[in-house]
Structures are given as structure tokens and as C-alpha cells.
$ cat query27.cif   # mmCIF, C-alpha atoms
data_input
loop_
_atom_site.label_atom_id
_atom_site.label_comp_id
_atom_site.auth_asym_id
_atom_site.auth_seq_id
_atom_site.Cartn_x
_atom_site.Cartn_y
_atom_site.Cartn_z
CA MET K 1 85.58 113.98 185.08
CA THR K 2 82.07 115.37 185.41
CA ASP K 3 81.14 117.57 188.32
CA SER K 4 78.83 116.12 190.88
CA ALA K 5 75.76 118.15 191.71
CA LEU K 6 76.09 121.12 194.05
CA ARG K 7 74.01 120.87 197.16
CA GLU K 8 71.13 123.28 197.12
CA PRO K 9 72.33 125.74 199.80
CA THR K 10 75.71 125.97 198.01
CA PHE K 11 73.97 126.53 194.70
CA LEU K 12 71.80 129.27 196.21
CA ILE K 13 74.74 131.02 197.88
CA LEU K 14 76.68 131.10 194.61
CA THR K 15 73.53 132.38 192.88
CA ALA K 16 73.12 135.11 195.49
CA LEU K 17 76.68 136.25 194.84
CA ALA K 18 76.28 136.16 191.05
CA THR K 19 74.88 139.70 190.96
CA GLY K 20 77.73 141.15 193.00
CA ALA K 21 79.41 141.16 196.37
CA ARG K 22 77.19 140.63 199.40
CA HIS K 23 77.73 140.35 203.15
CA GLY K 24 76.60 137.41 205.28
CA TYR K 25 73.20 138.70 206.36
CA ALA K 26 72.37 139.85 202.81
CA ILE K 27 73.26 136.37 201.50
CA MET K 28 70.87 134.84 204.07
CA THR K 29 67.94 137.03 203.08
CA ASP K 30 68.71 136.72 199.36
CA VAL K 31 68.86 132.91 199.55
CA ALA K 32 65.48 132.90 201.30
CA GLY K 33 64.13 135.17 198.53
CA ILE K 34 65.55 133.14 195.61
CA SER K 35 64.18 129.90 197.04
CA GLU K 36 60.82 131.53 197.76
CA GLY K 37 61.31 131.03 201.49
CA ARG K 38 61.98 127.31 201.16
CA VAL K 39 65.66 127.40 202.13
CA ARG K 40 66.34 129.43 205.25
CA LEU K 41 70.03 129.40 206.05
CA ARG K 42 70.97 129.98 209.65
CA PRO K 43 74.27 131.65 210.52
CA GLY K 44 76.00 128.39 211.53
CA SER K 45 75.15 126.64 208.26
CA LEU K 46 75.86 129.77 206.23
CA TYR K 47 79.38 130.25 207.60
CA ALA K 48 80.22 126.56 207.38
CA ALA K 49 79.30 126.78 203.68
CA LEU K 50 81.13 130.08 203.14
CA ASN K 51 84.24 128.68 204.81
CA ARG K 52 84.18 125.65 202.52
CA LEU K 53 83.65 127.79 199.42
CA LEU K 54 86.56 130.03 200.46
CA VAL K 55 88.83 126.99 200.92
CA GLU K 56 87.77 125.65 197.54
CA GLY K 57 88.45 129.02 195.92
CA LEU K 58 84.93 129.46 194.57
CA ILE K 59 84.40 132.73 196.48
CA GLU K 60 86.73 135.33 197.97
CA PHE K 61 86.67 138.34 200.30
CA ASP K 62 85.58 141.55 198.62
CA ARG K 63 85.67 144.31 201.24
CA GLU K 64 84.77 145.13 204.83
CA GLU K 65 82.54 147.79 206.29
CA ILE K 66 81.73 148.80 209.82
CA VAL K 67 78.02 149.50 210.23
CA ASP K 68 76.68 150.42 213.67
CA GLY K 69 79.89 149.20 215.22
CA ARG K 70 79.55 145.81 213.58
CA LEU K 71 81.74 144.19 210.99
CA ARG K 72 80.24 143.46 207.61
CA ARG K 73 82.42 141.44 205.31
CA TYR K 74 81.46 141.16 201.68
CA TYR K 75 82.08 138.09 199.54
CA ARG K 76 82.19 137.76 195.77
CA LEU K 77 82.38 134.96 193.23
CA THR K 78 85.79 134.05 191.83
CA ASP K 79 86.20 133.02 188.18
CA PRO K 80 86.23 129.31 189.09
CA GLY K 81 83.14 129.98 191.22
CA ALA K 82 81.34 131.58 188.30
CA HIS K 83 82.34 128.69 186.01
CA ARG K 84 81.18 126.19 188.58
CA LEU K 85 77.80 127.90 188.88
CA ALA K 86 77.45 128.11 185.08
CA ALA K 87 78.25 124.40 184.74
CA GLU K 88 75.65 123.59 187.38
CA VAL K 89 73.03 125.72 185.63
CA ASP K 90 73.74 123.92 182.34
CA ARG K 91 73.44 120.56 184.00
CA LEU K 92 70.17 121.48 185.71
CA SER K 93 68.64 122.92 182.54
CA ARG K 94 69.54 119.80 180.54
CA THR K 95 67.86 117.68 183.19
CA THR K 96 64.75 119.86 183.37
CA ALA K 97 64.50 119.93 179.58
CA VAL K 98 64.38 116.15 179.49
CA ALA K 99 61.88 116.06 182.35
CA ARG K 100 59.64 118.62 180.64
CA GLN K 101 59.75 116.74 177.35
CA ARG K 102 58.78 113.45 178.99
CA LEU K 103 55.98 115.06 180.96
CA LYS K 104 54.64 116.38 177.67
CA LEU K 105 54.59 112.83 176.25
CA LEU K 106 52.75 111.69 179.34
CA THR K 107 50.02 114.33 179.13
CA GLU K 108 49.61 114.15 175.32
CA PRO K 109 49.61 110.47 174.41
CA SER K 110 50.14 109.92 170.69
CA MET C 1 82.85 147.37 224.92
CA ASN C 2 84.49 150.10 222.91
CA ASP C 3 83.27 153.58 223.78
CA HIS C 4 84.93 155.05 220.73
CA LEU C 5 82.77 153.11 218.29
CA ARG C 6 80.47 155.33 216.31
CA VAL C 7 76.71 154.97 216.64
CA GLY C 8 74.11 154.88 213.87
CA ASP C 9 70.59 156.28 213.48
CA ALA C 10 69.07 153.06 214.80
CA ASP C 11 71.04 153.46 218.03
CA ARG C 12 70.02 157.14 218.38
CA ASP C 13 66.36 156.24 217.80
CA ARG C 14 66.55 153.50 220.39
CA ALA C 15 68.05 155.93 222.89
CA ALA C 16 65.27 158.42 222.13
CA ALA C 17 62.64 155.75 222.74
CA VAL C 18 64.26 154.83 226.03
CA LEU C 19 64.25 158.53 227.07
CA ARG C 20 60.56 158.82 226.18
CA SER C 21 59.76 155.82 228.37
CA HIS C 22 61.65 157.42 231.29
CA LEU C 23 59.74 160.69 230.71
CA ALA C 24 56.48 158.75 230.86
CA ALA C 25 57.66 156.97 234.03
CA GLY C 26 58.35 160.33 235.69
CA ARG C 27 62.11 159.87 235.95
CA LEU C 28 62.77 162.87 233.75
CA THR C 29 61.19 166.32 233.70
CA GLY C 30 60.12 167.88 230.40
CA ASP C 31 63.22 170.11 230.30
CA GLU C 32 65.59 167.32 231.13
CA PHE C 33 63.98 165.20 228.43
CA ASP C 34 64.39 167.93 225.80
CA ASP C 35 68.08 168.40 226.65
CA ARG C 36 68.83 164.72 226.65
CA LEU C 37 66.88 164.04 223.47
CA ALA C 38 68.93 166.67 221.67
CA ALA C 39 72.10 165.12 223.05
CA ALA C 40 70.99 161.60 222.04
CA LEU C 41 70.13 162.64 218.48
CA GLY C 42 73.46 164.40 218.18
CA ALA C 43 75.46 161.49 219.65
CA VAL C 44 78.49 160.40 217.63
CA THR C 45 80.03 157.65 219.74
CA VAL C 46 78.84 154.98 222.13
CA ALA C 47 80.31 157.08 224.97
CA ASP C 48 78.01 160.00 224.02
CA LEU C 49 74.91 157.79 224.19
CA ARG C 50 76.06 156.26 227.42
CA GLN C 51 76.40 159.76 228.93
CA VAL C 52 72.80 160.60 227.96
CA LEU C 53 71.46 157.57 229.82
CA ILE C 54 74.07 157.39 232.56
CA ASP C 55 71.78 157.84 235.59
CA LEU C 56 68.78 155.99 234.23
CA PRO C 57 68.04 152.30 234.91
CA GLY C 58 67.73 149.85 232.01
CA PRO C 59 69.75 147.81 229.54
CA ALA C 60 72.52 149.15 227.32
CA VAL C 61 71.17 151.31 224.55
CA THR C 62 73.15 150.34 221.53
CA GLY C 63 72.63 146.60 221.13
CA LEU C 64 76.45 146.55 221.24
CA PRO C 65 78.53 144.30 223.51
CA ASP C 66 77.57 143.84 227.14
CA SER C 67 74.23 142.37 226.15
CA GLY C 68 73.54 138.91 227.51
CA LEU C 69 72.50 137.68 224.08
CA GLU C 70 75.83 138.66 222.60
CA ARG C 71 77.72 136.94 225.40
CA SER C 72 75.69 133.77 224.82
CA TYR C 73 76.48 133.87 221.11
CA ARG C 74 80.17 134.32 221.86
CA ARG C 75 80.08 131.29 224.14
CA LEU C 76 78.62 129.23 221.29
CA LEU C 77 81.15 130.63 218.82
CA ALA C 78 83.91 129.43 221.15
CA PHE C 79 83.22 125.94 219.78
CA TYR C 80 84.62 126.94 216.38
CA PRO C 81 88.28 126.34 215.51
CA ALA C 82 90.53 129.29 216.43
CA ARG C 83 91.51 129.95 212.81
CA HIS C 84 87.83 130.22 211.87
CA ARG C 85 87.10 132.55 214.82
CA ARG C 86 89.99 134.83 213.90
CA VAL C 87 88.52 135.38 210.45
CA HIS C 88 84.78 135.10 210.97
CA GLU C 89 83.81 135.61 214.61
CA ASP C 90 83.02 139.32 214.43
CA GLU C 91 80.99 139.12 211.25
CA MET C 92 79.15 136.01 212.46
CA LEU C 93 78.26 137.85 215.64
CA ALA C 94 77.01 140.77 213.55
CA VAL C 95 74.83 138.45 211.46
CA LEU C 96 73.52 136.69 214.58
CA MET C 97 72.62 139.96 216.30
CA THR C 98 71.02 141.30 213.13
CA ALA C 99 69.03 138.12 212.58
CA ALA C 100 67.94 137.85 216.22
CA PRO C 101 64.26 138.78 216.66
CA GLU C 102 63.58 141.96 218.61
CA GLY C 103 63.51 141.42 222.35
CA ARG C 104 65.38 138.13 222.31
CA THR C 105 67.66 137.72 225.30
CA ARG C 106 68.97 134.18 224.84
CA PRO C 107 69.81 132.10 221.76
CA GLY C 108 67.00 129.77 220.74
CA LEU C 109 67.47 126.01 220.77
CA ARG C 110 67.54 125.81 216.97
CA GLU C 111 70.05 128.66 216.72
CA ALA C 112 72.29 126.96 219.24
CA ALA C 113 71.97 123.64 217.40
CA ASP C 114 72.73 125.39 214.10
CA LEU C 115 75.85 127.04 215.52
CA LEU C 116 77.13 123.81 217.08
CA GLY C 117 76.39 121.90 213.86
CA GLY C 118 78.24 124.58 211.89
CA ALA C 119 81.20 124.30 214.27
CA LEU C 120 81.32 120.54 213.75
CA ARG C 121 81.27 120.97 209.98
CA VAL C 122 84.01 123.60 210.05
CA TRP C 123 86.17 121.34 212.25
CA CYS C 124 85.80 118.61 209.62
CA GLN C 125 86.72 120.89 206.72
CA PRO C 126 90.37 121.02 205.65
CA ALA C 127 92.01 124.39 206.36
CA ARG C 128 93.14 124.65 202.77
CA ARG C 129 93.24 122.60 199.65
CA LEU C 130 95.37 119.52 200.10
CA SER C 131 98.47 119.04 197.97
CA TRP C 132 99.76 115.62 196.97
CA ARG C 133 102.24 115.97 199.78
CA GLY C 134 99.37 116.56 202.19
CA LEU C 135 97.56 113.45 200.94
CA LEU C 136 100.73 111.36 201.32
CA GLY C 137 101.04 112.81 204.81
CA ILE C 138 97.57 111.52 205.69
CA VAL C 139 98.52 108.02 204.49
CA ALA C 140 101.84 108.11 206.38
CA ALA C 141 100.11 109.33 209.54
CA GLY C 142 97.72 106.38 209.25
CA THR C 143 100.62 103.95 208.87
CA VAL C 144 102.54 105.31 211.85
CA THR C 145 99.43 105.42 214.05
CA GLY C 146 98.55 101.84 213.13
CA PHE C 147 102.14 100.68 213.73
CA LEU C 148 102.31 102.27 217.19
CA GLY C 149 98.80 101.05 218.01
CA GLY C 150 99.81 97.49 217.10
CA ILE C 151 102.86 97.61 219.38
CA THR C 152 100.76 99.00 222.24
CA VAL C 153 98.12 96.33 221.84
CA ALA C 154 100.75 93.55 221.70
CA ALA C 155 102.53 94.86 224.79
CA ALA C 156 99.31 95.33 226.75
CA SER C 157 97.77 91.99 225.91
CA SER C 158 100.37 89.46 227.04
CA ARG C 159 98.09 86.55 227.77
CA PRO C 160 98.77 84.13 230.66
CA VAL C 161 100.23 80.72 229.78
CA THR C 162 98.72 77.44 230.91
CA SER C 163 100.84 74.42 231.80
CA THR C 164 99.30 70.95 232.15
CA THR C 165 100.56 67.75 233.77
CA LEU C 166 98.90 64.33 233.99
CA VAL C 167 99.02 62.45 237.30
CA VAL C 168 98.15 58.78 237.97
CA ILE C 169 96.41 58.65 241.34
CA GLY C 170 97.74 56.26 243.99
CA ARG C 171 96.15 53.07 245.25
CA SER C 172 93.81 53.28 248.19
CA GLY C 173 96.13 51.10 250.29
CA PRO C 174 99.05 48.71 249.83
CA GLY C 175 97.97 46.55 246.87
CA GLN C 176 94.35 47.67 247.24
CA GLN C 177 92.08 49.14 244.62
CA PRO C 178 88.40 50.22 244.82
CA VAL C 179 86.26 47.64 243.01
CA THR C 180 82.73 48.87 242.35
CA SER C 181 82.20 51.73 239.95
CA ALA C 182 80.70 53.89 242.70
CA ALA C 183 83.71 53.28 244.92
CA VAL C 184 86.10 54.10 242.06
CA HIS C 185 84.36 57.43 241.53
CA ALA C 186 84.23 58.27 245.19
CA TYR C 187 87.95 57.53 245.50
CA LEU C 188 88.77 59.62 242.39
CA ASN C 189 86.78 62.57 243.71
CA ARG C 190 88.52 62.31 247.06
CA GLN C 191 91.91 62.45 245.33
CA ILE C 192 90.84 65.54 243.35
CA ALA C 193 89.70 67.16 246.60
CA ILE C 194 93.11 66.38 248.11
CA MET C 195 94.88 68.00 245.12
CA ARG C 196 92.89 71.17 245.72
CA SER C 197 93.25 70.99 249.49
CA HIS C 198 94.94 73.61 251.61
CA GLN C 199 97.65 71.15 252.65
CA VAL C 200 98.70 70.29 249.08
CA LEU C 201 98.49 73.82 247.76
CA ALA C 202 100.34 75.33 250.71
CA ARG C 203 103.19 72.89 250.25
CA ALA C 204 103.21 73.53 246.48
CA ALA C 205 103.16 77.30 246.99
CA GLU C 206 106.25 77.04 249.18
CA ALA C 207 108.10 75.10 246.49
CA VAL C 208 107.40 77.60 243.72
CA ARG C 209 110.07 80.23 242.96
CA PRO C 210 109.40 83.14 242.79
CA ALA C 211 107.04 82.60 245.70
CA VAL C 212 103.32 82.65 244.98
CA PRO C 213 100.64 83.15 247.68
CA GLU C 214 98.55 80.04 248.24
CA GLN C 215 95.36 81.95 247.37
CA THR C 216 96.74 82.86 243.95
CA LEU C 217 97.76 79.28 243.30
CA SER C 218 94.36 78.05 244.43
CA ARG C 219 92.71 80.41 241.95
CA GLU C 220 94.91 79.35 239.04
CA VAL C 221 94.84 75.59 239.55
CA HIS C 222 92.30 73.53 237.64
CA VAL C 223 91.96 69.80 238.33
CA THR C 224 89.92 67.58 235.98
CA PRO C 225 89.67 63.80 235.75
CA VAL C 226 90.81 62.27 232.44
CA THR C 227 90.14 58.59 233.21
CA ASP C 228 89.28 56.68 236.39
CA ARG C 229 92.91 56.77 237.44
CA VAL C 230 94.38 59.75 235.59
CA VAL C 231 93.87 63.38 236.56
CA GLN C 232 94.91 66.51 234.71
CA ILE C 233 96.35 69.44 236.68
CA SER C 234 96.47 72.78 234.83
CA VAL C 235 98.00 75.97 236.19
CA GLU C 236 97.85 79.44 234.63
CA ALA C 237 100.79 81.81 235.11
CA PRO C 238 102.16 84.92 233.41
CA THR C 239 105.07 83.03 231.84
CA ALA C 240 105.54 79.48 230.58
CA ALA C 241 108.34 78.73 233.07
CA GLN C 242 106.24 79.81 236.05
CA ALA C 243 103.29 77.73 234.83
CA VAL C 244 105.44 74.62 234.41
CA ILE C 245 107.01 75.00 237.85
CA ALA C 246 103.65 75.55 239.53
CA ALA C 247 101.96 72.59 237.82
CA SER C 248 104.86 70.28 238.74
CA ALA C 249 104.86 71.58 242.30
CA VAL C 250 101.16 70.80 242.76
CA ALA C 251 101.64 67.28 241.30
CA VAL C 252 104.66 66.51 243.50
CA SER C 253 102.98 67.96 246.58
CA TYR C 254 99.92 65.73 246.01
CA ILE C 255 102.01 62.60 245.39
CA THR C 256 104.01 63.21 248.56
CA ILE C 257 101.14 64.04 250.86
CA ALA C 258 98.60 61.49 249.63
CA THR C 259 100.71 58.42 249.01
CA GLU C 260 104.00 58.84 250.91
CA HIS C 261 103.00 56.09 253.33
CA LEU C 262 102.46 53.55 250.54
CA PRO C 263 105.05 51.23 249.01
CA PRO C 264 106.62 52.79 245.86
CA ALA C 265 104.60 50.55 243.53
CA ASP C 266 101.30 51.80 244.98
CA ARG C 267 102.17 55.51 245.05
CA ALA C 268 100.77 58.09 242.69
CA GLY C 269 103.03 59.18 239.87
CA VAL C 270 103.47 61.72 237.10
CA LEU C 271 102.28 60.27 233.81
CA ASP C 272 103.10 63.26 231.64
CA PRO C 273 105.41 65.99 233.00
CA ALA C 274 104.28 69.59 232.99
CA ALA C 275 104.72 71.36 229.66
CA THR C 276 103.33 74.27 227.74
CA LEU C 277 102.54 74.89 224.14
CA PRO C 278 105.49 76.57 222.44
CA GLU C 279 105.05 80.24 223.26
CA PRO C 280 105.61 82.74 220.45
CA SER C 281 108.44 85.10 221.37
CA PHE C 282 107.51 88.60 222.48
CA PHE C 283 109.24 90.08 219.46
CA SER C 284 107.39 87.98 216.95
CA THR C 285 104.08 88.91 218.64
CA VAL C 286 104.98 92.60 218.49
CA ALA C 287 106.21 92.32 214.91
CA ASP C 288 103.00 90.60 213.83
CA SER C 289 100.60 93.02 215.46
CA SER C 290 102.56 96.15 214.53
CA ALA C 291 102.67 95.00 210.89
CA LEU C 292 98.95 94.33 211.00
CA GLY C 293 98.36 97.73 212.63
CA ALA C 294 100.50 99.51 210.04
CA LEU C 295 98.60 97.78 207.24
CA CYS C 296 95.20 98.76 208.64
CA GLY C 297 96.45 102.31 209.31
CA THR C 298 97.73 102.64 205.75
CA VAL C 299 94.46 101.43 204.28
CA LEU C 300 92.48 103.81 206.47
CA GLY C 301 94.83 106.72 205.66
CA ALA C 302 94.58 105.97 201.94
CA PHE C 303 90.81 105.90 202.22
CA LEU C 304 90.74 109.30 203.96
CA ALA C 305 93.21 110.75 201.46
CA LEU C 306 91.09 109.45 198.60
CA ALA C 307 87.96 111.00 200.10
CA ALA C 308 89.76 114.32 200.56
CA SER C 309 91.19 114.32 197.05
CA ARG C 310 87.84 113.47 195.49
CA GLN C 311 86.33 116.46 197.21
CA ARG C 312 89.16 118.61 195.98
CA ARG C 313 88.97 117.42 192.40
CA ARG C 314 85.24 117.85 192.27
CA PHE C 315 85.58 121.56 192.65
CA ARG C 316 88.82 122.24 190.83
CA ILE C 317 87.79 121.02 187.40
CA THR C 318 84.93 123.27 186.44
#

$ encode --input "query27.cif" --output "C-alpha cells"
Amino acid sequence: MTDSALREPTFLILTALATGARHGYAIMTDVAGISEGRVRLRPGSLYAALNRLLVEGLIEFDREEIVDGRLRRYYRLTDPGAHRLAAEVDRLSRTTAVARQRLKLLTEPS
Amino acid sequence: MNDHLRVGDADRDRAAAVLRSHLAAGRLTGDEFDDRLAAALGAVTVADLRQVLIDLPGPAVTGLPDSGLERSYRRLLAFYPARHRRVHEDEMLAVLMTAAPEGRTRPGLREAADLLGGALRVWCQPARRLSWRGLLGIVAAGTVTGFLGGITVAAASSRPVTSTTLVVIGRSGPGQQPVTSAAVHAYLNRQIAIMRSHQVLARAAEAVRPAVPEQTLSREVHVTPVTDRVVQISVEAPTAAQAVIAASAVAVSYITIATEHLPPADRAGVLDPAATLPEPSFFSTVADSSALGALCGTVLGAFLALAASRQRRRFRIT
């Protein structure tokens, strides 16, 4: 069975966690950075996504910190999460490769 | 609010700024300001900061609890399932307060919508990955719900039964009969009016057991002509037996009142005695609709289980 495409916010969250554990607010700012400001997750959407990824076992708790009296909980990718992201990257790059090749044919008619 | 929580540099700086504004406003002398500033910059806990600002007006220093914004966020977070709140409420609150623009006192419309939307999504997410047993459980729950729903619907929707009798109207007098078509119609309509009259219905209502108020009978009786001389009387009642008795009673009451004075040959008569369509037994109705309900419930449950398992499989095989 082939995997269906990840939705973009999910893809970006997994990407944000690929470099190491991050807490919720850091994921939000990182996702905005990766997507060049196009995808701005708000806390409600972020935690709905994180909750789903936790249930699916793609991410897990890393550690907790208290900063200024506030809880920061860090999340990290699990092995299945990393595999899932890698599979999605492969799929996307195959698709973009085809798209690029066809665009080339379009702009350079033989 | 926990006074033992430790404060950070941001909190100390905020307290210092607040002290400067009170110095500028003339609430503190230069010496007082110096003392308090030193105390604020050396503060370790929330209680220390609170002591520095204790007799000065203004909002809490450390954006910690007590702020109206935080209370508003907590009210919105109350829409999340309890299991989600236990795990995530504190960190979500931290993210919300961190993300909130400076000076904000109430959640924005879009923030509120985002939090409520998130709550809805979390409610719809399974708490954990479903096992095969869980999926079977969903199907079984659908079956049971449908079965019970079917029984309830069958029990609640016992439809009234209609009984119909045909009556030949009497002659207008001994051996007499209206001749012209207009006279025939006028006579027929008069007989129908008599069947619906207070006199006939009151007498019929008395004859019916269990007793039925005349008004009820009047509401449930329908009289329609079939031919020039035959009239159909229909009565609706909760059960077939009651309908039959009521229809017969109306017919007999009419025959007695309208044509008692005539010789037997000229009197009205019952052409077709009251009857009802065979009524399906209560148990067969219940059995039918509960079976139908169970079938629909099973299909729906299987559909939900399939949707859940597809979601699960999508992420497990990577």
C-alpha cells in the first residue's frame, strides 16, 4: 500500500523536528520560517496536529523545561516519523522531477 | 498563582520598567526607587517581585496567572477533552501567552476560532491507535444502537387503525324515493349530515366501550358517498377493535335514528359490516424495524471502522 500525501502543516511540523527536539512555540516559528511565512500555524491547529502525530507514533515527548514559570515540552521525531518524512520527501522529489522535465520540454520545443 | 515560581530576566525588566513609570508619576521618591529597583533586579520568586510592587497600582508584573488574557485562554481551553488538557493545557497556555502580541488583553477572534477548531479536531481524533478489537467494537456498537433505535421507533410510531363500513341509506318515506337527480343529491346530503349530527354521534359515543367523548368521535369519523344510495363511514382509532366498534356504532345509531319510523323494507341497512385491514402484530412490527435498524447500524459502524482503519494503516506502513 502506498502512503497518501501528508498534508502540508504535518509535513512542515515533521520537517521542523528533523533537526532535533523542539517545543511548541519553536515549532510554530520554525514552520513559518521553512514555508517562508506562507504557513502560519496557530496554537489550536498546532496542538491538534501534534496530538494526532503523537497518537500515530510519528513523534514523541523529549523533555520538559520550566522557563519563566511556564511549561515548555519538547517533541522529537520517532523512527517511524523519520521514515514517514523520508518517504514523503522521495515522493515529492519524484513528482517535482517529472514536473521540471516536462516544463523543460514546454520551454524548449524540439 | 504560585508565589514560589521563579522569575526570569524578562520579568525583572518588566518590574523595573513599571517602577520607572511610578517614579515618573511621582508615586516613588528617588531613594525609594533605587531601593526597589535593586530588590526587583535581585528578585528570585514571584513573591519577591510582588513585594516590590505591593503598594503600587497596576497590573501583575510577571505576565503569570491572574491576567485576564490567561483566564480567557483557559476558558477556551476548557473546550478540549479532559485527557488532552491533562497533557497539553499548560504548554498550550505557555505558547498562547508567548505568541500573544504585547499589550493584548483578550483573545482575538481568529485565535478563539483556531482554538475552538483545534478542540473540535482533537475531539474527533481517536485517543490511541485502534486495534482490531476496537474496530469490531465500533461495528458492534453500531449494530446495538441501530437495533435499539429500531425498537424505539416501532414502539413510538404505532399508527391509528381505520375501520370502514358501508351503509345503504333509507327511503325518504314508506315506499317513497326521490326522483329527480337534484332531489336524490339533496336527500343523500341530508343523510350524510344526519350521520355527522350531534344526535347520531352522541348515541354512538354512548354505545362504544371503552367510552369515547363525542368530540373525539366527531373528529375521527369520515363520511363519504359511494353511490347515490350507499355511504361509507370510516372511523380512526388506536386499535382495530376500537375502530370496528366505533364504525358499527355510528352506522347503527344512524339507522335507528333516521329510519326507525319506517317499515323494515324501507329502513337503512348495513351493506358491508365494519372491518379493518389485517393489522401486523406488534411483535412483527418491532422485529422488522429492529432488524432494519441493526442492519443500518452495522453498515454505518463498518463504514466508520473502515475509515478509522484506513487512517491507521496510512501511517503505520512507512

$ interface_residues --input "query27.cif" --of "chain K" --to "chain C" --cutoff "12 Å" --atoms "all atoms listed in the file" --output "PyMOL selection string"
chain K and resi 1-6+23-29+40-59+61+64-75+79-88+90

$ atom_distance --input "query27.cif" --atom1 "CA of Ala268 in chain C" --atom2 "CA of Arg196 in chain C"
15.6 Å

$ resolve_selection --input "query27.cif" --expression "the PyMOL selection byres ((chain K and resi 20) around 9)" --output "PyMOL selection string"
chain K and resi 16-19+21-22+75-77

$ write_last_selection --input "query27.cif" --atoms "C-alpha atoms" --output "CSV table (one decimal), in the coordinates of the input"
chain,number,residue,atom,x,y,z
K,16,ALA,CA,73.1,135.1,195.5
K,17,LEU,CA,76.7,136.2,194.8
K,18,ALA,CA,76.3,136.2,191.0
K,19,THR,CA,74.9,139.7,191.0
K,21,ALA,CA,79.4,141.2,196.4
K,22,ARG,CA,77.2,140.6,199.4
K,75,TYR,CA,82.1,138.1,199.5
K,76,ARG,CA,82.2,137.8,195.8
K,77,LEU,CA,82.4,135.0,193.2

$ closest_residue --input "query27.cif" --among "C:Thr239, C:Thr256, C:Gln176, C:Thr165" --to "Pro225 in chain C" --atoms "all atoms listed in the file"
C:Thr165

$ resolve_selection --input "query27.cif" --expression "the PyMOL selection byres ((chain C and resi 37) around 12)" --output "PyMOL selection string"
chain C and resi 12-23+28-36+38-43+48-49+51-53

$ write_last_selection --input "query27.cif" --atoms "C-alpha atoms" --output "PDB file, in the frame of the given file"
ATOM      1  CA  ARG C  12      70.020 157.140 218.380  1.00  0.00           C
ATOM      2  CA  ASP C  13      66.360 156.240 217.800  1.00  0.00           C
ATOM      3  CA  ARG C  14      66.550 153.500 220.390  1.00  0.00           C
ATOM      4  CA  ALA C  15      68.050 155.930 222.890  1.00  0.00           C
ATOM      5  CA  ALA C  16      65.270 158.420 222.130  1.00  0.00           C
ATOM      6  CA  ALA C  17      62.640 155.750 222.740  1.00  0.00           C
ATOM      7  CA  VAL C  18      64.260 154.830 226.030  1.00  0.00           C
ATOM      8  CA  LEU C  19      64.250 158.530 227.070  1.00  0.00           C
ATOM      9  CA  ARG C  20      60.560 158.820 226.180  1.00  0.00           C
ATOM     10  CA  SER C  21      59.760 155.820 228.370  1.00  0.00           C
ATOM     11  CA  HIS C  22      61.650 157.420 231.290  1.00  0.00           C
ATOM     12  CA  LEU C  23      59.740 160.690 230.710  1.00  0.00           C
ATOM     13  CA  LEU C  28      62.770 162.870 233.750  1.00  0.00           C
ATOM     14  CA  THR C  29      61.190 166.320 233.700  1.00  0.00           C
ATOM     15  CA  GLY C  30      60.120 167.880 230.400  1.00  0.00           C
ATOM     16  CA  ASP C  31      63.220 170.110 230.300  1.00  0.00           C
ATOM     17  CA  GLU C  32      65.590 167.320 231.130  1.00  0.00           C
ATOM     18  CA  PHE C  33      63.980 165.200 228.430  1.00  0.00           C
ATOM     19  CA  ASP C  34      64.390 167.930 225.800  1.00  0.00           C
ATOM     20  CA  ASP C  35      68.080 168.400 226.650  1.00  0.00           C
ATOM     21  CA  ARG C  36      68.830 164.720 226.650  1.00  0.00           C
ATOM     22  CA  ALA C  38      68.930 166.670 221.670  1.00  0.00           C
ATOM     23  CA  ALA C  39      72.100 165.120 223.050  1.00  0.00           C
ATOM     24  CA  ALA C  40      70.990 161.600 222.040  1.00  0.00           C
ATOM     25  CA  LEU C  41      70.130 162.640 218.480  1.00  0.00           C
ATOM     26  CA  GLY C  42      73.460 164.400 218.180  1.00  0.00           C
ATOM     27  CA  ALA C  43      75.460 161.490 219.650  1.00  0.00           C
ATOM     28  CA  ASP C  48      78.010 160.000 224.020  1.00  0.00           C
ATOM     29  CA  LEU C  49      74.910 157.790 224.190  1.00  0.00           C
ATOM     30  CA  GLN C  51      76.400 159.760 228.930  1.00  0.00           C
ATOM     31  CA  VAL C  52      72.800 160.600 227.960  1.00  0.00           C
ATOM     32  CA  LEU C  53      71.460 157.570 229.820  1.00  0.00           C
TER      33      LEU C  53
END

$ resolve_selection --input "query27.cif" --expression "the PyMOL selection byres ((chain C and resi 249) around 9)" --output "list in words"
Leu201, Arg203, Ala204, Ala205, Glu206, Ala207, Val208, Val244, Ile245, Ala246, Ala247, Ser248, Val250, Ala251, Val252, Ser253 and Tyr254 of chain C

$ axis_aligned_box --input "query27.cif" --around "range 30-37 of chain C" --padding-each-side "6 Å" --output "AutoDock Vina command-line options"
--center_x 64.5 --center_y 167.1 --center_z 227.3 --size_x 20.7 --size_y 18.1 --size_z 19.7

$ atom_distance --input "query27.cif" --atom1 "CA of Val89 in chain K" --atom2 "CA of Glu8 in chain K"
11.9 Å

$ atom_distance --input "query27.cif" --atom1 "CA of Arg219 in chain C" --atom2 "CA of Pro238 in chain C"
13.5 Å
